[in-house]
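See below for the structure under consideration.
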Amino acid sequence: ASALQLSFILGAILIFLSRSEKKVHHFVNIYSLLFYTFIFIMVLFLFISPSVTYGISKILILILRAALPILALYALAPIQQSDAPLLFNTIIIGSTMSSLNLLSFSGLESERAGFENLYAITAGREAGLGVALILVYFSIGLLKLPKAIIFIFPFIISALGTIITGSRGPILAPLFTVICTFLFAEYNLSRRIKFLIRVALFTASIILVYQLLGERTQNLQLVSLNRVINRLTTLGNNRSDQGRTERYQIAWEGFVESNGIGKGTGSFDYFFKRDGKTLNKGLREYPHNIFLEVAFELGWVGLIVFGLITAITLYTIVKFTRSNPTSFHVRALYSLYFFSFFNALVSSDIAGNYSFWIIGCLPWLINVNSQFAQNSPATKK
């Protein structure tokens with residue numbers, strides 16, 4: 001975990017301890033119970049894993065990067081609706097800083113910025129969070145023209161940060177987020193029409209700016225963007241997709257072979273390398289799909305718990321969002337779950353998708369503890 005993250009956790013603990021009334025019940029809800037049950041299952045499945053070292057490291061990273069931050073967020077509860085703009089600005093600033101750091105590290109002409117140490121994937125996701133949030137805010141009508149101008153710079157910087165990773169995930173995830181917001185969060189025909197008009201205007205603005213820049217955009221060689229376009233136009237036939245397809249197949253076959261029992265935490269790395277499927281023995285291997293990873297390593301037990309976590313979170317987000325149509329800030333923050341969900345389906349492992357777990361706790365953090373949520377139809381019995 002980074003020093004900044006550890007500082008946040010320590011600060012949250014100190015704030016909690018300094019309060020005269022310590023509300024411990026904030027820490028207990030269906031999400032937290034299922035999440036920590038899932039971690040416990042990972043620990044149990046270490047005993048049948050042939051790759052104990054990787055399994056332990058995966059659990060420790062998940063605790064440091066997801067479990068402890070979630071506890072810190074609950075320690076800061078109750079989170080009021082008025083705190084949502086602060087969360088929004090914090091994410092935008094963080095995304096912009098990650099993009100600037102990535103741009104300074106690799107520049108615009110790199111094919112895959114920082115890929116040799118896998119830094120690009122993490123930074124690209126952090127940048128993509130800002131892109132997704134601004135897109136959703138604009139689409140649902142929260143950002144009016146004067147306020148929208150303020151976010152042009154962070155949007156451009158964050159978009160460049162996602163592009164230079166040369167990875168499709170961070171680029172496609174914001175689009176997936178906007179689509180899911182349209183399908184699940186916009187609850188009537190009138191709002192959906194307005195949503196589509198705003199998306200069309202935004203798209204037209206991007207095209208217009210591109211045309212106005214003319215030769216300047218042609219002289220700017222974004223090699224990473226060309227790489228992404230190549231991967232999209234050769235979908236299923238390029239080496240990257242073939243490697244993923246092979247991993248998906250091995251993960252599914254391993255799940256079936258184990259009769260749904262699972263092969264142990266971190267075991268995919270062992271079996272993939274045992275069969276000589278990789279030339280890089282120092283690189284950890286995983287299926288690049290969180291559902292298949294859970295199925296292969298934790299079997300039906302882990303899959304059922306993980307499925308419940310995902311289904312309940314999505315249901316809560318949709319229900320609460322539709323019950324509170326005026327809460328633009330909260331709705332936009334909830335939409336980030338779609339962003340993290342998409343990334344978990346296409347890249348990284350259980351621990352590497354720590355943002356998926358952290359963002360998933362927000363519906364309970366706000367929905368259960370804030371005065372705004374207590375007065376909403378979503379929480380009335």
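Naming works like this for the structure tokens: A, B, ... for the chains as they're shown, residue 1 at the start of each chain, ligands 1 onward in shown order.
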Could you make a table, as JSON lines, of the residues of stretch 290-329 of chain A that have an atom within 8 Å of an atom of stretch 243-263 of chain A, each with its nearest atom pair and distance in Å to one decimal, counting only C-alpha atoms, in chain and number order?
{"residue": "A:Leu292", "atom": "CA", "partner": "A:Ala251", "partner_atom": "CA", "distance": 5.9}
{"residue": "A:Glu293", "atom": "CA", "partner": "A:Ala251", "partner_atom": "CA", "distance": 6.8}
{"residue": "A:Ala295", "atom": "CA", "partner": "A:Phe255", "partner_atom": "CA", "distance": 5.9}
{"residue": "A:Phe296", "atom": "CA", "partner": "A:Phe255", "partner_atom": "CA", "distance": 4.6}
{"residue": "A:Glu297", "atom": "CA", "partner": "A:Gly262", "partner_atom": "CA", "distance": 4.7}
{"residue": "A:Leu298", "atom": "CA", "partner": "A:Gly262", "partner_atom": "CA", "distance": 4.6}
{"residue": "A:Gly299", "atom": "CA", "partner": "A:Gly262", "partner_atom": "CA", "distance": 3.8}
{"residue": "A:Trp300", "atom": "CA", "partner": "A:Gly260", "partner_atom": "CA", "distance": 5.4}
{"residue": "A:Val301", "atom": "CA", "partner": "A:Ile261", "partner_atom": "CA", "distance": 7.6}
So that each row is one residue of stretch 147-172 of chain A with an atom at most 12 Å from stretch 80-91 of chain A, can you give its shortest atom pair and the distance in Å to one decimal, using only C-alpha atoms, rows by chain and rising number, as a tab-separated table?
residue	atom	partner	partner_atom	distance
A:Ile150	CA	A:Asn89	CA	11.5
A:Phe151	CA	A:Asn89	CA	10.1
A:Pro154	CA	A:Asn89	CA	10.6
A:Phe155	CA	A:Ile91	CA	11.8
A:Ser158	CA	A:Ile91	CA	11.1
Output N, CA, C and O atoms for every residue in that selection, as a short mmCIF file (atom, residue, chain, number, x, y, z; two decimals), in the first residue's frame.
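Once written, selection.cif looks like this:
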data_model
loop_
_atom_site.label_atom_id
_atom_site.label_comp_id
_atom_site.auth_asym_id
_atom_site.auth_seq_id
_atom_site.Cartn_x
_atom_site.Cartn_y
_atom_site.Cartn_z
N ILE A 150 -14.65 24.03 -16.59
CA ILE A 150 -13.62 23.82 -15.57
C ILE A 150 -13.00 22.42 -15.69
O ILE A 150 -11.82 22.23 -15.41
N PHE A 151 -13.81 21.47 -16.13
CA PHE A 151 -13.35 20.09 -16.16
C PHE A 151 -12.77 19.67 -17.51
O PHE A 151 -12.46 18.49 -17.71
N PRO A 154 -8.82 18.63 -16.79
CA PRO A 154 -8.64 17.29 -16.18
C PRO A 154 -9.16 16.18 -17.06
O PRO A 154 -8.61 15.07 -17.04
N PHE A 155 -10.23 16.45 -17.85
CA PHE A 155 -10.75 15.41 -18.72
C PHE A 155 -9.74 15.05 -19.81
O PHE A 155 -9.48 13.87 -20.08
N SER A 158 -6.69 13.26 -18.22
CA SER A 158 -7.04 11.90 -17.81
C SER A 158 -7.27 11.00 -19.01
O SER A 158 -6.90 9.82 -19.01
#
Separation of atom CA of A:Phe195 from atom CA of A:Ile140, in Å and rounded to one decimal: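 For atom CA of A:Phe195 relative to atom CA of A:Ile140, the distance reads 5.9 Å.
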Extract the full set of helix (DSSP H, G or I) residues from stretch 39-169 of chain A according to DSSP on the backbone, and format it as a tab-separated table (two decimals) with N, CA, C and O atoms, in the first residue's frame.
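Saved as out-v8.tsv:
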chain	number	residue	atom	x	y	z
A	39	ILE	N	-12.75	-13.22	2.03
A	39	ILE	CA	-11.33	-13.26	2.39
A	39	ILE	C	-11.03	-14.50	3.24
A	39	ILE	O	-9.99	-15.16	3.05
A	40	PHE	N	-11.93	-14.83	4.14
A	40	PHE	CA	-11.75	-16.02	4.98
A	40	PHE	C	-11.71	-17.28	4.12
A	40	PHE	O	-10.92	-18.20	4.38
A	41	ILE	N	-12.55	-17.33	3.11
A	41	ILE	CA	-12.56	-18.48	2.18
A	41	ILE	C	-11.22	-18.57	1.45
A	41	ILE	O	-10.68	-19.67	1.27
A	42	MET	N	-10.68	-17.42	1.04
A	42	MET	CA	-9.37	-17.42	0.38
A	42	MET	C	-8.29	-18.00	1.30
A	42	MET	O	-7.41	-18.73	0.85
A	43	VAL	N	-8.37	-17.65	2.58
A	43	VAL	CA	-7.40	-18.18	3.55
A	43	VAL	C	-7.55	-19.70	3.68
A	43	VAL	O	-6.55	-20.44	3.68
A	44	LEU	N	-8.77	-20.19	3.78
A	44	LEU	CA	-9.00	-21.63	3.90
A	44	LEU	C	-8.48	-22.39	2.69
A	44	LEU	O	-7.90	-23.48	2.83
A	45	PHE	N	-8.67	-21.82	1.50
A	45	PHE	CA	-8.27	-22.51	0.28
A	45	PHE	C	-6.76	-22.45	0.04
A	45	PHE	O	-6.27	-23.04	-0.92
A	46	LEU	N	-6.03	-21.77	0.93
A	46	LEU	CA	-4.57	-21.84	0.87
A	46	LEU	C	-4.07	-23.25	1.17
A	46	LEU	O	-3.02	-23.68	0.67
A	47	PHE	N	-4.83	-23.99	1.98
A	47	PHE	CA	-4.39	-25.31	2.43
A	47	PHE	C	-4.40	-26.35	1.31
A	47	PHE	O	-3.78	-27.41	1.45
A	48	ILE	N	-5.10	-26.06	0.20
A	48	ILE	CA	-5.10	-27.01	-0.92
A	48	ILE	C	-4.38	-26.42	-2.14
A	48	ILE	O	-4.38	-27.01	-3.21
A	52	VAL	N	1.25	-21.56	-2.64
A	52	VAL	CA	0.94	-20.90	-1.37
A	52	VAL	C	1.53	-19.49	-1.31
A	52	VAL	O	0.88	-18.56	-0.82
A	53	THR	N	2.74	-19.30	-1.84
A	53	THR	CA	3.39	-18.00	-1.78
A	53	THR	C	2.58	-16.93	-2.49
A	53	THR	O	2.33	-15.84	-1.95
A	54	TYR	N	2.15	-17.25	-3.71
A	54	TYR	CA	1.33	-16.30	-4.46
A	54	TYR	C	-0.03	-16.11	-3.79
A	54	TYR	O	-0.57	-15.00	-3.73
A	55	GLY	N	-0.59	-17.19	-3.24
A	55	GLY	CA	-1.87	-17.10	-2.55
A	55	GLY	C	-1.80	-16.17	-1.35
A	55	GLY	O	-2.69	-15.34	-1.14
A	56	ILE	N	-0.72	-16.30	-0.56
A	56	ILE	CA	-0.56	-15.44	0.61
A	56	ILE	C	-0.39	-13.99	0.19
A	56	ILE	O	-1.00	-13.08	0.78
A	57	SER	N	0.43	-13.76	-0.83
A	57	SER	CA	0.66	-12.39	-1.29
A	57	SER	C	-0.64	-11.77	-1.83
A	57	SER	O	-0.91	-10.59	-1.61
A	58	LYS	N	-1.45	-12.58	-2.49
A	58	LYS	CA	-2.74	-12.09	-3.01
A	58	LYS	C	-3.66	-11.67	-1.87
A	58	LYS	O	-4.31	-10.61	-1.93
A	59	ILE	N	-3.70	-12.48	-0.82
A	59	ILE	CA	-4.55	-12.17	0.34
A	59	ILE	C	-4.05	-10.92	1.06
A	59	ILE	O	-4.85	-10.03	1.42
A	60	LEU	N	-2.74	-10.82	1.25
A	60	LEU	CA	-2.18	-9.67	1.94
A	60	LEU	C	-2.43	-8.37	1.18
A	60	LEU	O	-2.77	-7.33	1.76
A	61	ILE	N	-2.26	-8.42	-0.15
A	61	ILE	CA	-2.51	-7.23	-0.97
A	61	ILE	C	-3.98	-6.83	-0.90
A	61	ILE	O	-4.32	-5.65	-0.81
A	62	LEU	N	-4.87	-7.83	-0.93
A	62	LEU	CA	-6.30	-7.55	-0.85
A	62	LEU	C	-6.66	-6.90	0.48
A	62	LEU	O	-7.48	-5.98	0.53
A	63	ILE	N	-6.02	-7.36	1.55
A	63	ILE	CA	-6.27	-6.77	2.87
A	63	ILE	C	-5.75	-5.34	2.94
A	63	ILE	O	-6.44	-4.42	3.40
A	64	LEU	N	-4.51	-5.13	2.45
A	64	LEU	CA	-3.89	-3.80	2.52
A	64	LEU	C	-4.56	-2.80	1.59
A	64	LEU	O	-4.77	-1.64	1.97
A	65	ARG	N	-4.92	-3.24	0.38
A	65	ARG	CA	-5.41	-2.31	-0.63
A	65	ARG	C	-6.94	-2.19	-0.65
A	65	ARG	O	-7.47	-1.26	-1.25
A	66	ALA	N	-7.65	-3.13	-0.03
A	66	ALA	CA	-9.12	-3.08	-0.07
A	66	ALA	C	-9.75	-3.18	1.32
A	66	ALA	O	-10.53	-2.31	1.71
A	67	ALA	N	-9.42	-4.23	2.07
A	67	ALA	CA	-10.08	-4.45	3.36
A	67	ALA	C	-9.83	-3.31	4.35
A	67	ALA	O	-10.78	-2.81	4.98
A	68	LEU	N	-8.58	-2.90	4.51
A	68	LEU	CA	-8.27	-1.82	5.45
A	68	LEU	C	-8.85	-0.47	5.01
A	68	LEU	O	-9.41	0.26	5.84
A	69	PRO	N	-8.76	-0.10	3.71
A	69	PRO	CA	-9.42	1.14	3.28
A	69	PRO	C	-10.93	1.12	3.50
A	69	PRO	O	-11.53	2.16	3.84
A	70	ILE	N	-11.58	-0.04	3.31
A	70	ILE	CA	-13.02	-0.14	3.56
A	70	ILE	C	-13.31	0.10	5.04
A	70	ILE	O	-14.25	0.82	5.40
A	71	LEU	N	-12.50	-0.50	5.92
A	71	LEU	CA	-12.67	-0.26	7.35
A	71	LEU	C	-12.49	1.22	7.68
A	71	LEU	O	-13.21	1.78	8.52
A	72	ALA	N	-11.52	1.85	7.02
A	72	ALA	CA	-11.27	3.28	7.25
A	72	ALA	C	-12.46	4.12	6.82
A	72	ALA	O	-12.84	5.07	7.50
A	73	LEU	N	-13.07	3.76	5.69
A	73	LEU	CA	-14.25	4.49	5.22
A	73	LEU	C	-15.41	4.34	6.19
A	73	LEU	O	-16.14	5.30	6.48
A	74	TYR	N	-15.61	3.13	6.71
A	74	TYR	CA	-16.67	2.92	7.69
A	74	TYR	C	-16.38	3.67	8.99
A	74	TYR	O	-17.31	4.08	9.70
A	75	ALA	N	-15.09	3.83	9.31
A	75	ALA	CA	-14.72	4.58	10.51
A	75	ALA	C	-15.09	6.06	10.36
A	75	ALA	O	-15.34	6.74	11.37
A	81	GLN	N	-24.78	13.39	2.24
A	81	GLN	CA	-24.91	13.69	0.81
A	81	GLN	C	-24.02	14.87	0.43
A	81	GLN	O	-23.47	14.93	-0.67
A	82	SER	N	-23.85	15.79	1.35
A	82	SER	CA	-23.05	16.98	1.07
A	82	SER	C	-21.57	16.66	0.88
A	82	SER	O	-20.80	17.49	0.37
A	83	ASP	N	-21.16	15.45	1.29
A	83	ASP	CA	-19.76	15.05	1.10
A	83	ASP	C	-19.49	14.54	-0.31
A	83	ASP	O	-18.33	14.39	-0.70
A	84	ALA	N	-20.55	14.24	-1.07
A	84	ALA	CA	-20.38	13.68	-2.41
A	84	ALA	C	-19.56	14.58	-3.34
A	84	ALA	O	-18.70	14.09	-4.06
A	85	PRO	N	-19.80	15.92	-3.37
A	85	PRO	CA	-18.97	16.77	-4.23
A	85	PRO	C	-17.49	16.70	-3.87
A	85	PRO	O	-16.63	16.77	-4.74
A	86	LEU	N	-17.19	16.58	-2.57
A	86	LEU	CA	-15.79	16.46	-2.14
A	86	LEU	C	-15.18	15.17	-2.66
A	86	LEU	O	-14.03	15.16	-3.14
A	87	LEU	N	-15.94	14.06	-2.60
A	87	LEU	CA	-15.46	12.79	-3.14
A	87	LEU	C	-15.22	12.91	-4.64
A	87	LEU	O	-14.23	12.40	-5.17
A	88	PHE	N	-16.12	13.59	-5.31
A	88	PHE	CA	-15.99	13.78	-6.76
A	88	PHE	C	-14.71	14.52	-7.10
A	88	PHE	O	-13.91	14.09	-7.94
A	89	ASN	N	-14.50	15.68	-6.44
A	89	ASN	CA	-13.31	16.49	-6.73
A	89	ASN	C	-12.03	15.75	-6.38
A	89	ASN	O	-11.01	15.88	-7.07
A	90	THR	N	-12.07	14.95	-5.31
A	90	THR	CA	-10.89	14.17	-4.92
A	90	THR	C	-10.52	13.16	-5.99
A	90	THR	O	-9.34	12.99	-6.34
A	91	ILE	N	-11.53	12.48	-6.53
A	91	ILE	CA	-11.29	11.49	-7.59
A	91	ILE	C	-10.76	12.16	-8.84
A	91	ILE	O	-9.82	11.67	-9.48
A	92	ILE	N	-11.33	13.31	-9.21
A	92	ILE	CA	-10.87	14.03	-10.40
A	92	ILE	C	-9.42	14.47	-10.25
A	92	ILE	O	-8.60	14.29	-11.15
A	93	ILE	N	-9.09	15.03	-9.09
A	93	ILE	CA	-7.71	15.48	-8.84
A	93	ILE	C	-6.75	14.30	-8.85
A	93	ILE	O	-5.67	14.35	-9.45
A	94	GLY	N	-7.15	13.21	-8.19
A	94	GLY	CA	-6.29	12.02	-8.17
A	94	GLY	C	-6.07	11.43	-9.54
A	94	GLY	O	-4.96	11.02	-9.89
A	95	SER	N	-7.12	11.40	-10.36
A	95	SER	CA	-7.01	10.88	-11.72
A	95	SER	C	-6.09	11.76	-12.57
A	95	SER	O	-5.26	11.25	-13.33
A	96	THR	N	-6.23	13.06	-12.40
A	96	THR	CA	-5.38	14.00	-13.16
A	96	THR	C	-3.92	13.85	-12.77
A	96	THR	O	-3.03	13.83	-13.62
A	97	MET	N	-3.66	13.71	-11.47
A	97	MET	CA	-2.28	13.55	-11.00
A	97	MET	C	-1.67	12.24	-11.49
A	97	MET	O	-0.50	12.20	-11.88
A	98	SER	N	-2.46	11.17	-11.49
A	98	SER	CA	-1.97	9.89	-12.00
A	98	SER	C	-1.62	9.98	-13.48
A	98	SER	O	-0.62	9.44	-13.93
A	99	SER	N	-2.47	10.69	-14.23
A	99	SER	CA	-2.22	10.86	-15.66
A	99	SER	C	-0.97	11.68	-15.92
A	99	SER	O	-0.16	11.35	-16.78
A	100	LEU	N	-0.82	12.78	-15.16
A	100	LEU	CA	0.37	13.62	-15.32
A	100	LEU	C	1.63	12.84	-14.98
A	100	LEU	O	2.67	12.98	-15.64
A	101	ASN	N	1.55	12.03	-13.94
A	101	ASN	CA	2.69	11.20	-13.55
A	101	ASN	C	3.04	10.21	-14.66
A	101	ASN	O	4.21	9.99	-14.99
A	102	LEU	N	2.00	9.60	-15.24
A	102	LEU	CA	2.21	8.64	-16.32
A	102	LEU	C	2.76	9.31	-17.57
A	102	LEU	O	3.63	8.78	-18.25
A	103	LEU	N	2.25	10.51	-17.88
A	103	LEU	CA	2.72	11.26	-19.04
A	103	LEU	C	4.18	11.67	-18.87
A	103	LEU	O	4.96	11.62	-19.83
A	104	SER	N	4.56	12.09	-17.67
A	104	SER	CA	5.94	12.49	-17.43
A	104	SER	C	6.87	11.29	-17.44
A	104	SER	O	8.06	11.40	-17.76
A	105	PHE	N	6.32	10.12	-17.11
A	105	PHE	CA	7.12	8.90	-17.06
A	105	PHE	C	7.42	8.35	-18.45
A	105	PHE	O	8.51	7.86	-18.72
A	106	SER	N	6.43	8.45	-19.35
A	106	SER	CA	6.57	7.81	-20.66
A	106	SER	C	6.42	8.74	-21.85
A	106	SER	O	6.95	8.47	-22.91
A	115	PHE	N	4.78	-0.20	-19.21
A	115	PHE	CA	4.26	-1.57	-19.21
A	115	PHE	C	5.26	-2.58	-18.65
A	115	PHE	O	4.87	-3.64	-18.16
A	116	GLU	N	6.53	-2.22	-18.70
A	116	GLU	CA	7.52	-3.19	-18.24
A	116	GLU	C	7.37	-3.52	-16.75
A	116	GLU	O	7.75	-4.58	-16.30
A	117	ASN	N	6.80	-2.59	-15.97
A	117	ASN	CA	6.59	-2.88	-14.56
A	117	ASN	C	5.11	-2.87	-14.19
A	117	ASN	O	4.75	-2.77	-13.03
A	119	TYR	N	3.00	-0.75	-14.28
A	119	TYR	CA	2.49	0.47	-13.68
A	119	TYR	C	1.37	1.07	-14.51
A	119	TYR	O	0.46	1.70	-13.97
A	120	ALA	N	1.42	0.87	-15.80
A	120	ALA	CA	0.47	1.50	-16.71
A	120	ALA	C	-0.96	1.08	-16.43
A	120	ALA	O	-1.89	1.90	-16.50
A	121	ILE	N	-1.18	-0.19	-16.12
A	121	ILE	CA	-2.54	-0.68	-15.91
A	121	ILE	C	-3.17	0.02	-14.71
A	121	ILE	O	-4.31	0.50	-14.77
A	122	THR	N	-2.42	0.10	-13.60
A	122	THR	CA	-2.95	0.75	-12.40
A	122	THR	C	-3.20	2.23	-12.63
A	122	THR	O	-4.27	2.76	-12.31
A	123	ALA	N	-2.20	2.92	-13.21
A	123	ALA	CA	-2.34	4.36	-13.48
A	123	ALA	C	-3.44	4.63	-14.49
A	123	ALA	O	-4.18	5.61	-14.38
A	124	GLY	N	-3.55	3.75	-15.50
A	124	GLY	CA	-4.60	3.91	-16.51
A	124	GLY	C	-5.99	3.80	-15.91
A	124	GLY	O	-6.91	4.52	-16.28
A	125	ARG	N	-6.14	2.90	-14.95
A	125	ARG	CA	-7.44	2.75	-14.28
A	125	ARG	C	-7.75	3.97	-13.42
A	125	ARG	O	-8.89	4.43	-13.36
A	126	GLU	N	-6.72	4.48	-12.73
A	126	GLU	CA	-6.92	5.67	-11.91
A	126	GLU	C	-7.32	6.86	-12.79
A	126	GLU	O	-8.20	7.64	-12.42
A	127	ALA	N	-6.68	6.98	-13.95
A	127	ALA	CA	-7.03	8.04	-14.88
A	127	ALA	C	-8.43	7.82	-15.44
A	127	ALA	O	-9.22	8.77	-15.59
A	128	GLY	N	-8.76	6.57	-15.72
A	128	GLY	CA	-10.06	6.24	-16.28
A	128	GLY	C	-11.20	6.55	-15.33
A	128	GLY	O	-12.32	6.87	-15.77
A	129	LEU	N	-10.96	6.48	-14.02
A	129	LEU	CA	-11.99	6.83	-13.04
A	129	LEU	C	-12.45	8.27	-13.24
A	129	LEU	O	-13.64	8.57	-13.21
A	130	GLY	N	-11.48	9.17	-13.45
A	130	GLY	CA	-11.82	10.57	-13.68
A	130	GLY	C	-12.58	10.77	-14.98
A	130	GLY	O	-13.55	11.53	-15.03
A	131	VAL	N	-12.14	10.08	-16.03
A	131	VAL	CA	-12.83	10.16	-17.33
A	131	VAL	C	-14.28	9.69	-17.19
A	131	VAL	O	-15.22	10.35	-17.65
A	132	ALA	N	-14.47	8.55	-16.54
A	132	ALA	CA	-15.81	7.99	-16.37
A	132	ALA	C	-16.70	8.92	-15.56
A	132	ALA	O	-17.87	9.15	-15.90
A	133	LEU	N	-16.15	9.47	-14.49
A	133	LEU	CA	-16.94	10.33	-13.61
A	133	LEU	C	-17.40	11.60	-14.33
A	133	LEU	O	-18.56	12.01	-14.22
A	134	ILE	N	-16.49	12.22	-15.07
A	134	ILE	CA	-16.84	13.44	-15.80
A	134	ILE	C	-17.87	13.14	-16.89
A	134	ILE	O	-18.83	13.90	-17.08
A	135	LEU	N	-17.69	12.03	-17.59
A	135	LEU	CA	-18.66	11.66	-18.63
A	135	LEU	C	-20.05	11.44	-18.05
A	135	LEU	O	-21.05	11.91	-18.60
A	136	VAL	N	-20.12	10.73	-16.93
A	136	VAL	CA	-21.41	10.45	-16.31
A	136	VAL	C	-22.03	11.73	-15.78
A	136	VAL	O	-23.24	11.98	-15.95
A	137	TYR	N	-21.23	12.56	-15.12
A	137	TYR	CA	-21.75	13.82	-14.58
A	137	TYR	C	-22.35	14.67	-15.70
A	137	TYR	O	-23.39	15.29	-15.53
A	138	PHE	N	-21.66	14.72	-16.81
A	138	PHE	CA	-22.15	15.51	-17.94
A	138	PHE	C	-23.41	14.87	-18.53
A	138	PHE	O	-24.37	15.57	-18.86
A	139	SER	N	-23.43	13.56	-18.64
A	139	SER	CA	-24.54	12.86	-19.28
A	139	SER	C	-25.83	12.95	-18.48
A	139	SER	O	-26.92	13.03	-19.06
A	145	LEU	N	-22.86	24.20	-18.60
A	145	LEU	CA	-21.78	24.70	-19.44
A	145	LEU	C	-20.68	25.43	-18.67
A	145	LEU	O	-19.50	25.11	-18.84
A	146	PRO	N	-20.99	26.42	-17.78
A	146	PRO	CA	-19.90	27.11	-17.08
A	146	PRO	C	-19.05	26.16	-16.24
A	146	PRO	O	-17.83	26.25	-16.22
A	147	LYS	N	-19.73	25.23	-15.53
A	147	LYS	CA	-19.00	24.28	-14.69
A	147	LYS	C	-18.26	23.25	-15.54
A	147	LYS	O	-17.18	22.77	-15.17
A	148	ALA	N	-18.84	22.90	-16.68
A	148	ALA	CA	-18.23	21.89	-17.54
A	148	ALA	C	-16.88	22.36	-18.07
A	148	ALA	O	-15.96	21.57	-18.27
A	149	ILE	N	-16.76	23.67	-18.33
A	149	ILE	CA	-15.51	24.23	-18.85
A	149	ILE	C	-14.36	23.97	-17.88
A	149	ILE	O	-13.22	23.71	-18.30
A	150	ILE	N	-14.65	24.03	-16.59
A	150	ILE	CA	-13.62	23.82	-15.57
A	150	ILE	C	-13.00	22.42	-15.69
A	150	ILE	O	-11.82	22.23	-15.41
A	152	ILE	N	-12.63	20.62	-18.43
A	152	ILE	CA	-12.05	20.28	-19.73
A	152	ILE	C	-10.61	19.82	-19.58
A	152	ILE	O	-10.20	18.79	-20.13
A	153	PHE	N	-9.82	20.58	-18.81
A	153	PHE	CA	-8.40	20.24	-18.64
A	153	PHE	C	-8.21	18.88	-17.98
A	153	PHE	O	-7.50	18.02	-18.52
A	154	PRO	N	-8.82	18.63	-16.79
A	154	PRO	CA	-8.64	17.29	-16.18
A	154	PRO	C	-9.16	16.18	-17.06
A	154	PRO	O	-8.61	15.07	-17.04
A	155	PHE	N	-10.23	16.45	-17.85
A	155	PHE	CA	-10.75	15.41	-18.72
A	155	PHE	C	-9.74	15.05	-19.81
A	155	PHE	O	-9.48	13.87	-20.08
A	156	ILE	N	-9.16	16.07	-20.45
A	156	ILE	CA	-8.19	15.84	-21.52
A	156	ILE	C	-6.97	15.10	-20.98
A	156	ILE	O	-6.49	14.14	-21.58
A	157	ILE	N	-6.44	15.57	-19.84
A	157	ILE	CA	-5.25	14.94	-19.25
A	157	ILE	C	-5.54	13.50	-18.86
A	157	ILE	O	-4.75	12.58	-19.15
A	158	SER	N	-6.69	13.26	-18.22
A	158	SER	CA	-7.04	11.90	-17.81
A	158	SER	C	-7.27	11.00	-19.01
A	158	SER	O	-6.90	9.82	-19.01
A	159	ALA	N	-7.89	11.56	-20.07
A	159	ALA	CA	-8.13	10.77	-21.29
A	159	ALA	C	-6.80	10.37	-21.93
A	159	ALA	O	-6.63	9.23	-22.38
A	160	LEU	N	-5.85	11.31	-21.97
A	160	LEU	CA	-4.52	10.99	-22.52
A	160	LEU	C	-3.84	9.92	-21.67
A	160	LEU	O	-3.14	9.04	-22.20
A	161	GLY	N	-4.04	10.00	-20.35
A	161	GLY	CA	-3.45	9.01	-19.46
A	161	GLY	C	-3.96	7.60	-19.74
A	161	GLY	O	-3.20	6.63	-19.67
A	162	THR	N	-5.26	7.49	-20.05
A	162	THR	CA	-5.81	6.17	-20.38
A	162	THR	C	-5.33	5.69	-21.74
A	162	THR	O	-5.09	4.50	-21.94
A	163	ILE	N	-5.18	6.62	-22.68
A	163	ILE	CA	-4.80	6.25	-24.05
A	163	ILE	C	-3.38	5.72	-24.11
A	163	ILE	O	-3.11	4.70	-24.76
A	168	ARG	N	-6.86	-1.64	-23.79
A	168	ARG	CA	-8.26	-1.38	-24.12
A	168	ARG	C	-9.13	-1.19	-22.89
A	168	ARG	O	-10.11	-0.43	-22.92
A	169	GLY	N	-8.79	-1.87	-21.80
A	169	GLY	CA	-9.62	-1.83	-20.60
A	169	GLY	C	-9.88	-0.43	-20.07
A	169	GLY	O	-11.03	-0.02	-19.93
Would you pick out the contacts of A:Leu34 at 9 Å or less, using only C-alpha atoms, so that residues sharing its chain but fewer than 2 positions from it are not included, and give the list as a compact mmCIF listing (two decimals) with N, CA, C and O atoms, in the first residue's frame?
# COMPACT_ATOMS: atom_id res chain seq x y z
N ASN A 29 -22.64 -4.73 7.91
CA ASN A 29 -23.72 -4.74 6.93
C ASN A 29 -23.52 -5.94 6.02
O ASN A 29 -22.51 -6.64 6.12
N ILE A 30 -24.46 -6.18 5.14
CA ILE A 30 -24.40 -7.38 4.29
C ILE A 30 -23.17 -7.39 3.41
O ILE A 30 -22.56 -8.43 3.17
N TYR A 31 -22.74 -6.20 2.95
CA TYR A 31 -21.57 -6.14 2.07
C TYR A 31 -20.30 -6.50 2.83
O TYR A 31 -19.50 -7.33 2.37
N SER A 32 -20.10 -5.86 3.99
CA SER A 32 -18.87 -6.12 4.75
C SER A 32 -18.81 -7.57 5.22
O SER A 32 -17.75 -8.20 5.21
N TYR A 36 -15.69 -9.97 3.93
CA TYR A 36 -14.72 -10.58 4.84
C TYR A 36 -14.90 -12.09 4.91
O TYR A 36 -13.94 -12.81 5.21
N THR A 37 -16.10 -12.57 4.63
CA THR A 37 -16.29 -14.02 4.47
C THR A 37 -15.51 -14.52 3.26
O THR A 37 -14.89 -15.60 3.31
N PHE A 38 -15.52 -13.73 2.20
CA PHE A 38 -14.78 -14.09 0.98
C PHE A 38 -13.28 -14.17 1.26
O PHE A 38 -12.60 -15.11 0.81
N ILE A 39 -12.75 -13.22 2.03
CA ILE A 39 -11.33 -13.26 2.39
C ILE A 39 -11.03 -14.50 3.24
O ILE A 39 -9.99 -15.16 3.05
N VAL A 305 -20.39 -16.91 -2.95
CA VAL A 305 -20.22 -15.71 -2.12
C VAL A 305 -19.90 -14.50 -2.99
O VAL A 305 -20.48 -13.42 -2.80
N PHE A 306 -19.02 -14.67 -3.97
CA PHE A 306 -18.67 -13.57 -4.86
C PHE A 306 -19.88 -13.14 -5.69
O PHE A 306 -20.12 -11.95 -5.90
N LEU A 308 -23.00 -13.38 -4.82
CA LEU A 308 -23.91 -12.65 -3.95
C LEU A 308 -23.44 -11.21 -3.74
O LEU A 308 -24.25 -10.27 -3.76
N ILE A 309 -22.14 -11.04 -3.55
CA ILE A 309 -21.59 -9.69 -3.37
C ILE A 309 -21.91 -8.83 -4.59
O ILE A 309 -22.40 -7.69 -4.46
